Amino acid sequence: MTRVSIRRTEHRLLPDVRRVIAKPYLPGEEIAGGSPSRAALLMERVLAIPESQVAGLVAEIAAEFSSRHRGFEALLERHFAQVAHHLGPNAGPVSQERRLLIGAYFTHEYSIEAAALFNPSIVLAPDQSGLAPGLKRVIMSLRAVGEGHISSIEFRSGVLDAAGALTFDPLGPYLVGGRRTAPATYDKHLFGLKLGELGASNDLTWTVLDRLPDAFSLAELEQSLARLEADGPPHAISYETIKIIRLLAASNYVTRFPADSALSERVLFPAGPHETHGMEDARFVRFVDDGGAARYYATYTAFDGFEILPQLIETEDFVSFAISTLNGSAAQNKGMALFPRRIGGKYVMLSRKDRENLYLATSDNVRFWNQATELDRPRAPWELLQIGNCGSPLETEAGWLVLTHGVGAMRRYAIGALLLDLEDPRRVIGRLTTPLLEPDASEREGYVPNVVYTCGALVNGDDLVLPYGLSDAAIGVAVIALPELLAALRRTS
């Protein structure tokens with residue numbers, strides 16, 4: 001093992017089954033024996049409850065669940081609105097209490113950490129005001145897994161001192177899902193490029209896009225699609241193209257949280273069509289543009305149960321998050337990680353487009369990645385199965401520090417490191433020949449045994465603060481002597 005001073009702290013973030021969100025619940029839409037859908041049947045049954053019983057039932061539900069959710073009545077109202085079309089033409093007026101009751105029947109609690117909690121990344125928070133000298137406010141993202149192996153992204157906040165001691169803020173009392181909306185506009189050129197990548201660039205596509213301005217809204221897109229459906233070829237011919245266009249539009253969206261919610265209460269839960277089985281392994285990075293302004297990006301893997309799709313999160317305040325697709329031949333697999341600034345006027349990204357080797361990609365547009373060159377490949381016994389990054393590169397005086405993961409015998413994951421040239425990150429100038437961090441006896445048991453893995457670390461003076469997942473069962477924090485690590489990398493240059 002590489003001889004670098006590593007201090008495992010006492011931190012252990014464990015899954016907590018009590019952390020639940022209230023999600024819309026729609027029974028399966030199967031139709032049996034000519035009957036209406038199950039959702040319509042449920043609506044009929046709730047409408048049949050005598051009005052004299054409704055208020056009492058709502059009171060019972062509120063007594064049991066309102067203390068577990070922020071704005072419980074408003075939440076039930078929103079869920080009622082989503083299923084109100086099932087009321088039917090003869091339903092008549094619906095009382096406020098019955099609206100809440102219907103909302104409750106179409107709601108369920110989901111424990112986001114019921115199965116696992118792991119794979120964190122850490123960044124400096126946007127607001128560093130009001131801190132004593134030597135202290136830094138930080139934000140940690142975490143991958144939480146619940147029922148059905150669905151992954152979501154949640155957060156912790158805390159303060160880091162000059163000695164590398166991390167103190168987490170208390171958790172907020174609730175979890176809150178964000179409100180999903182379409183982006184204000186879509187870029188027609190980029191939208192068309194992505195449709196081409198999806199195999200949907202044809203005469204029908206351009207008939208739809210040619211009617212639109214260079215920056216178009218979702219409403220304008222739907223109007224153009226409606227014209228195609230009304231005046232275009234038969235539905236059997238246009239159906240697949242229209243479906244892909246709508247799926248692409250739905251994959252780009254904005255999620256906003258209440259401004260008065262605590263960061264630890266916010267959950268990015270899958271909301272796009274490619275995310276139905278999860279948002280996995282977000283790698284957050286504080287990106288500083290050439291003018292000095294900072295924003296945050298995160299690359300993550302969207303999974304629909306069959307295929308994966310790399311996607312991008314963008315935020316300035318961790319209240320509003322813009323979600324968009326990542327595109328291009330270099331954006332075809334897991335494990336993309338953005339450098340924290342442009343180099344030579346280009347965005348730079350670590351990529352693993354072939355699932356086994358580490359690549360470096362450059363682009364003029366943060367959402368499109370086509371040019372990639374091989375950076376490194378498995379060499380040592382502990383990483384022969386595959387290698388990849390463990391988060392965005394970290395800028396040091398010696399070069400770009402890249403934490404890597406390697407998979408070896410018995411599918412055991414360990415963390416290593418590379419050093420890249422600051423001006424030309426295609427040049428590997430240092431490489432650890434043995435792991436930096438391996439699962440010890442207390443870390444090897446869990447949801448996925450024999451794994452240590454991180455999605456991003458933080459330089460704090462002479463320390464590297466490394467939060468990491470422990471066999472997908474919990475999160476620990478290690479503090480690594482950065483000068484020793486850089487010296488070890490220089491020795492292998």
# chains A, B, ... in the order shown; residues from 1 in each chain; ligands from 1
call {"tool": "select_by_dssp", "arguments": {"residues": "segment 81-252 of chain A", "states": "alpha helix (DSSP H)", "output": "MDAnalysis selection string"}}
result
chainID A and resid 81:83 96:105 188:197 203:210 218:231 235:250
call {"tool": "write_last_selection", "arguments": {"atoms": "C-alpha atoms", "output": "short mmCIF file (atom, residue, chain, number, x, y, z; two decimals), in the first residue's frame"}}
result
data_model
loop_
_atom_site.label_atom_id
_atom_site.label_comp_id
_atom_site.auth_asym_id
_atom_site.auth_seq_id
_atom_site.Cartn_x
_atom_site.Cartn_y
_atom_site.Cartn_z
CA ALA A 81 -54.68 17.94 -8.86
CA GLN A 82 -52.56 15.35 -10.66
CA VAL A 83 -55.41 12.79 -10.65
CA GLN A 96 -62.01 20.52 0.39
CA GLU A 97 -61.86 17.57 2.83
CA ARG A 98 -62.58 15.06 0.07
CA ARG A 99 -59.91 16.63 -2.14
CA LEU A 100 -57.41 16.02 0.67
CA LEU A 101 -58.66 12.47 1.13
CA ILE A 102 -58.30 11.72 -2.58
CA GLY A 103 -54.80 13.23 -2.48
CA ALA A 104 -53.90 10.92 0.42
CA TYR A 105 -55.05 7.80 -1.45
CA LYS A 188 -32.73 24.67 -31.30
CA HIS A 189 -29.23 23.93 -32.60
CA LEU A 190 -28.25 21.80 -29.59
CA PHE A 191 -31.66 20.12 -29.53
CA GLY A 192 -31.26 19.12 -33.18
CA LEU A 193 -27.74 17.78 -32.60
CA LYS A 194 -28.96 15.56 -29.76
CA LEU A 195 -31.87 14.27 -31.88
CA GLY A 196 -29.32 13.27 -34.50
CA GLU A 197 -27.31 11.42 -31.87
CA ASP A 203 -37.51 15.10 -42.47
CA LEU A 204 -40.19 14.95 -39.77
CA THR A 205 -37.77 16.23 -37.14
CA TRP A 206 -36.78 19.21 -39.22
CA THR A 207 -40.38 19.93 -40.13
CA VAL A 208 -40.99 20.37 -36.39
CA LEU A 209 -37.80 22.33 -35.67
CA ASP A 210 -37.94 24.62 -38.71
CA LEU A 218 -41.96 23.78 -24.40
CA ALA A 219 -45.32 25.29 -25.37
CA GLU A 220 -43.94 26.29 -28.77
CA LEU A 221 -42.53 22.79 -29.27
CA GLU A 222 -45.89 21.23 -28.42
CA GLN A 223 -47.65 23.55 -30.89
CA SER A 224 -45.27 22.47 -33.65
CA LEU A 225 -45.74 18.78 -32.75
CA ALA A 226 -49.53 19.26 -32.77
CA ARG A 227 -49.33 20.66 -36.31
CA LEU A 228 -47.31 17.64 -37.40
CA GLU A 229 -49.86 15.29 -35.82
CA ALA A 230 -52.74 17.13 -37.50
CA ASP A 231 -51.29 17.83 -40.95
CA HIS A 235 -49.66 8.48 -36.96
CA ALA A 236 -47.94 5.13 -37.52
CA ILE A 237 -45.19 6.92 -39.47
CA SER A 238 -44.69 9.94 -37.20
CA TYR A 239 -45.23 8.24 -33.82
CA GLU A 240 -41.64 7.18 -33.09
CA THR A 241 -40.13 10.54 -34.07
CA ILE A 242 -42.65 12.47 -31.98
CA LYS A 243 -42.02 10.18 -29.01
CA ILE A 244 -38.23 10.74 -29.15
CA ILE A 245 -38.66 14.52 -29.44
CA ARG A 246 -40.90 14.57 -26.36
CA LEU A 247 -38.55 12.28 -24.42
CA LEU A 248 -35.62 14.57 -25.16
CA ALA A 249 -37.59 17.63 -24.08
CA ALA A 250 -38.64 15.89 -20.85
#
call {"tool": "select_by_dssp", "arguments": {"residues": "segment 175-340 of chain A", "states": "strand (DSSP E or B)", "output": "JSON, numbers by chain"}}
result
{"A": [176, 177, 179, 180, 181, 186, 187, 215, 216, 253, 254, 255, 256, 266, 267, 268, 278, 279, 280, 281, 282, 283, 284, 285, 286, 287, 288, 294, 295, 296, 297, 298, 299, 300, 301, 302, 303, 308, 309, 310, 311, 312, 313, 314, 315, 320, 321, 322, 323, 324, 325, 327, 337, 338]}
call {"tool": "write_last_selection", "arguments": {"atoms": "C-alpha atoms", "output": "compact mmCIF listing (two decimals), in the first residue's frame"}}
result
# COMPACT_ATOMS: atom_id res chain seq x y z
CA VAL A 176 -38.69 17.79 0.45
CA GLY A 177 -38.98 16.86 -3.19
CA ARG A 179 -41.03 21.10 -8.07
CA ARG A 180 -40.21 20.08 -11.63
CA THR A 181 -40.72 22.53 -14.51
CA TYR A 186 -34.43 25.11 -25.43
CA ASP A 187 -31.57 25.82 -27.84
CA ALA A 215 -34.63 29.60 -28.50
CA PHE A 216 -38.04 27.95 -28.10
CA TYR A 253 -35.87 20.21 -16.87
CA VAL A 254 -35.52 22.39 -13.79
CA THR A 255 -36.10 21.30 -10.17
CA ARG A 256 -36.70 24.02 -7.56
CA ARG A 266 -33.70 18.66 -0.36
CA VAL A 267 -33.81 15.49 -2.46
CA LEU A 268 -33.19 15.35 -6.18
CA GLY A 278 -32.26 6.39 -10.52
CA MET A 279 -29.80 9.26 -10.52
CA GLU A 280 -26.45 7.68 -9.69
CA ASP A 281 -23.05 8.89 -8.44
CA ALA A 282 -23.23 12.67 -8.80
CA ARG A 283 -19.78 14.26 -9.08
CA PHE A 284 -20.19 17.89 -7.98
CA VAL A 285 -17.55 20.47 -8.83
CA ARG A 286 -17.28 24.19 -8.12
CA PHE A 287 -16.53 25.59 -11.57
CA VAL A 288 -14.93 29.03 -11.93
CA ALA A 294 -18.46 30.44 -9.80
CA ARG A 295 -21.25 27.95 -10.39
CA TYR A 296 -21.65 24.27 -9.66
CA TYR A 297 -21.90 21.41 -12.10
CA ALA A 298 -22.43 17.74 -11.41
CA THR A 299 -22.24 14.87 -13.82
CA TYR A 300 -24.34 11.84 -12.94
CA THR A 301 -25.66 8.64 -14.47
CA ALA A 302 -29.34 8.39 -15.35
CA PHE A 303 -30.68 4.82 -15.41
CA ILE A 308 -27.58 4.42 -18.79
CA LEU A 309 -27.32 8.02 -19.92
CA PRO A 310 -24.80 10.58 -18.63
CA GLN A 311 -26.49 13.82 -17.58
CA LEU A 312 -25.53 17.21 -16.16
CA ILE A 313 -26.76 19.23 -13.17
CA GLU A 314 -26.14 22.97 -12.98
CA THR A 315 -26.85 25.20 -9.98
CA SER A 320 -32.69 25.60 -8.23
CA PHE A 321 -31.13 22.81 -10.30
CA ALA A 322 -31.12 22.68 -14.12
CA ILE A 323 -30.92 19.14 -15.51
CA SER A 324 -29.77 18.51 -19.07
CA THR A 325 -28.47 15.72 -21.27
CA ASN A 327 -24.12 14.53 -25.64
CA ALA A 337 -16.03 14.32 -14.22
CA LEU A 338 -15.56 17.98 -15.17
call {"tool": "closest_atom_pairs", "arguments": {"of": "segment 97-175 of chain A", "to": "segment 438-447 of chain A", "cutoff": "10 Å", "atoms": "only C-alpha atoms", "output": "JSON lines"}}
result
{"residue": "A:Ala115", "atom": "CA", "partner": "A:Tyr447", "partner_atom": "CA", "distance": 7.7}
{"residue": "A:Ala116", "atom": "CA", "partner": "A:Tyr447", "partner_atom": "CA", "distance": 6.8}
{"residue": "A:Leu117", "atom": "CA", "partner": "A:Tyr447", "partner_atom": "CA", "distance": 9.4}
{"residue": "A:Phe118", "atom": "CA", "partner": "A:Tyr447", "partner_atom": "CA", "distance": 9.9}
call {"tool": "closest_residue", "arguments": {"among": "A:Pro340, A:Pro120, A:Gly164, A:Gly388", "to": "Asp462 of chain A", "atoms": "only C-alpha atoms"}}
result
A:Gly164
call {"tool": "residues_around", "arguments": {"residues": "segment 395-402 of chain A", "least_positions_apart": "4", "cutoff": "8 Å", "atoms": "only C-alpha atoms", "output": "PDB file with C-alpha atoms, in the first residue's frame"}}
result
ATOM      1  CA  ASN A 389     -12.137   8.542 -11.892  1.00  0.00           C
ATOM      2  CA  CYS A 390     -13.304   9.245  -8.350  1.00  0.00           C
ATOM      3  CA  GLY A 391     -14.510  12.769  -8.941  1.00  0.00           C
ATOM      4  CA  ALA A 417      -4.316   8.571  -7.843  1.00  0.00           C
ATOM      5  CA  LEU A 418      -2.830  10.179 -10.960  1.00  0.00           C
ATOM      6  CA  LEU A 419      -1.083  13.509 -11.419  1.00  0.00           C
ATOM      7  CA  LEU A 420      -1.629  15.419 -14.672  1.00  0.00           C
ATOM      8  CA  ASP A 421       0.271  18.362 -16.088  1.00  0.00           C
ATOM      9  CA  LEU A 422      -1.426  21.672 -15.234  1.00  0.00           C
ATOM     10  CA  PRO A 425      -3.675  17.493 -18.727  1.00  0.00           C
ATOM     11  CA  LEU A 486       2.063  14.661  -4.135  1.00  0.00           C
TER      12      LEU A 486
END
call {"tool": "residues_around", "arguments": {"residues": "Ala331 of chain A", "least_positions_apart": "5", "cutoff": "7 Å", "atoms": "only C-alpha atoms", "output": "ChimeraX atom specification"}}
result
/A:310,326,353,369
call {"tool": "write_last_selection", "arguments": {"atoms": "N, CA and C atoms", "output": "CSV table (one decimal), in the first residue's frame"}}
result
chain,number,residue,atom,x,y,z
A,310,PRO,N,-25.4,9.5,-19.4
A,310,PRO,CA,-24.8,10.6,-18.6
A,310,PRO,C,-25.5,11.9,-18.7
A,326,LEU,N,-26.1,15.1,-21.5
A,326,LEU,CA,-24.8,15.2,-22.0
A,326,LEU,C,-24.7,14.5,-23.3
A,353,LYS,N,-15.4,6.3,-21.8
A,353,LYS,CA,-16.4,5.9,-22.8
A,353,LYS,C,-16.4,4.5,-23.2
A,369,TRP,N,-19.6,16.5,-26.0
A,369,TRP,CA,-18.3,16.0,-25.9
A,369,TRP,C,-18.0,14.9,-26.9
call {"tool": "closest_atom_pairs", "arguments": {"of": "segment 366-472 of chain A", "to": "segment 12-19 of chain A", "cutoff": "10 Å", "atoms": "only C-alpha atoms", "output": "Markdown table"}}
result
| residue | atom | partner | partner_atom | distance |
| --- | --- | --- | --- | --- |
| A:Pro467 | CA | A:Arg12 | CA | 10.0 |
| A:Gly469 | CA | A:Leu13 | CA | 9.4 |
| A:Leu470 | CA | A:Arg12 | CA | 9.3 |
call {"tool": "residues_around", "arguments": {"residues": "Gly172 of chain A", "least_positions_apart": "5", "cutoff": "7 Å", "atoms": "only C-alpha atoms", "output": "PyMOL selection string"}}
result
chain A and resi 262+264-265
call {"tool": "residues_around", "arguments": {"residues": "Pro50 of chain A", "least_positions_apart": "5", "cutoff": "12 Å", "atoms": "only C-alpha atoms", "output": "list of chain:residue names"}}
result
A:Arg45, A:Ala55, A:Gly56, A:Leu57, A:Ser95, A:Glu97, A:Arg98
call {"tool": "write_last_selection", "arguments": {"atoms": "C-alpha atoms", "output": "short mmCIF file (atom, residue, chain, number, x, y, z; two decimals), in the first residue's frame"}}
result
data_model
loop_
_atom_site.label_atom_id
_atom_site.label_comp_id
_atom_site.auth_asym_id
_atom_site.auth_seq_id
_atom_site.Cartn_x
_atom_site.Cartn_y
_atom_site.Cartn_z
CA ARG A 45 -64.37 4.11 -4.30
CA ALA A 55 -63.51 14.83 7.65
CA GLY A 56 -62.82 12.17 10.28
CA LEU A 57 -60.70 10.11 7.87
CA SER A 95 -65.38 19.34 -0.90
CA GLU A 97 -61.86 17.57 2.83
CA ARG A 98 -62.58 15.06 0.07
#
call {"tool": "atom_distance", "arguments": {"atom1": "atom CA of Thr373 of chain A", "atom2": "atom CA of Gly199 of chain A"}}
result
24.7 Å
call {"tool": "atom_distance", "arguments": {"atom1": "atom CA of Glu374 of chain A", "atom2": "atom CA of Arg491 of chain A"}}
result
22.7 Å
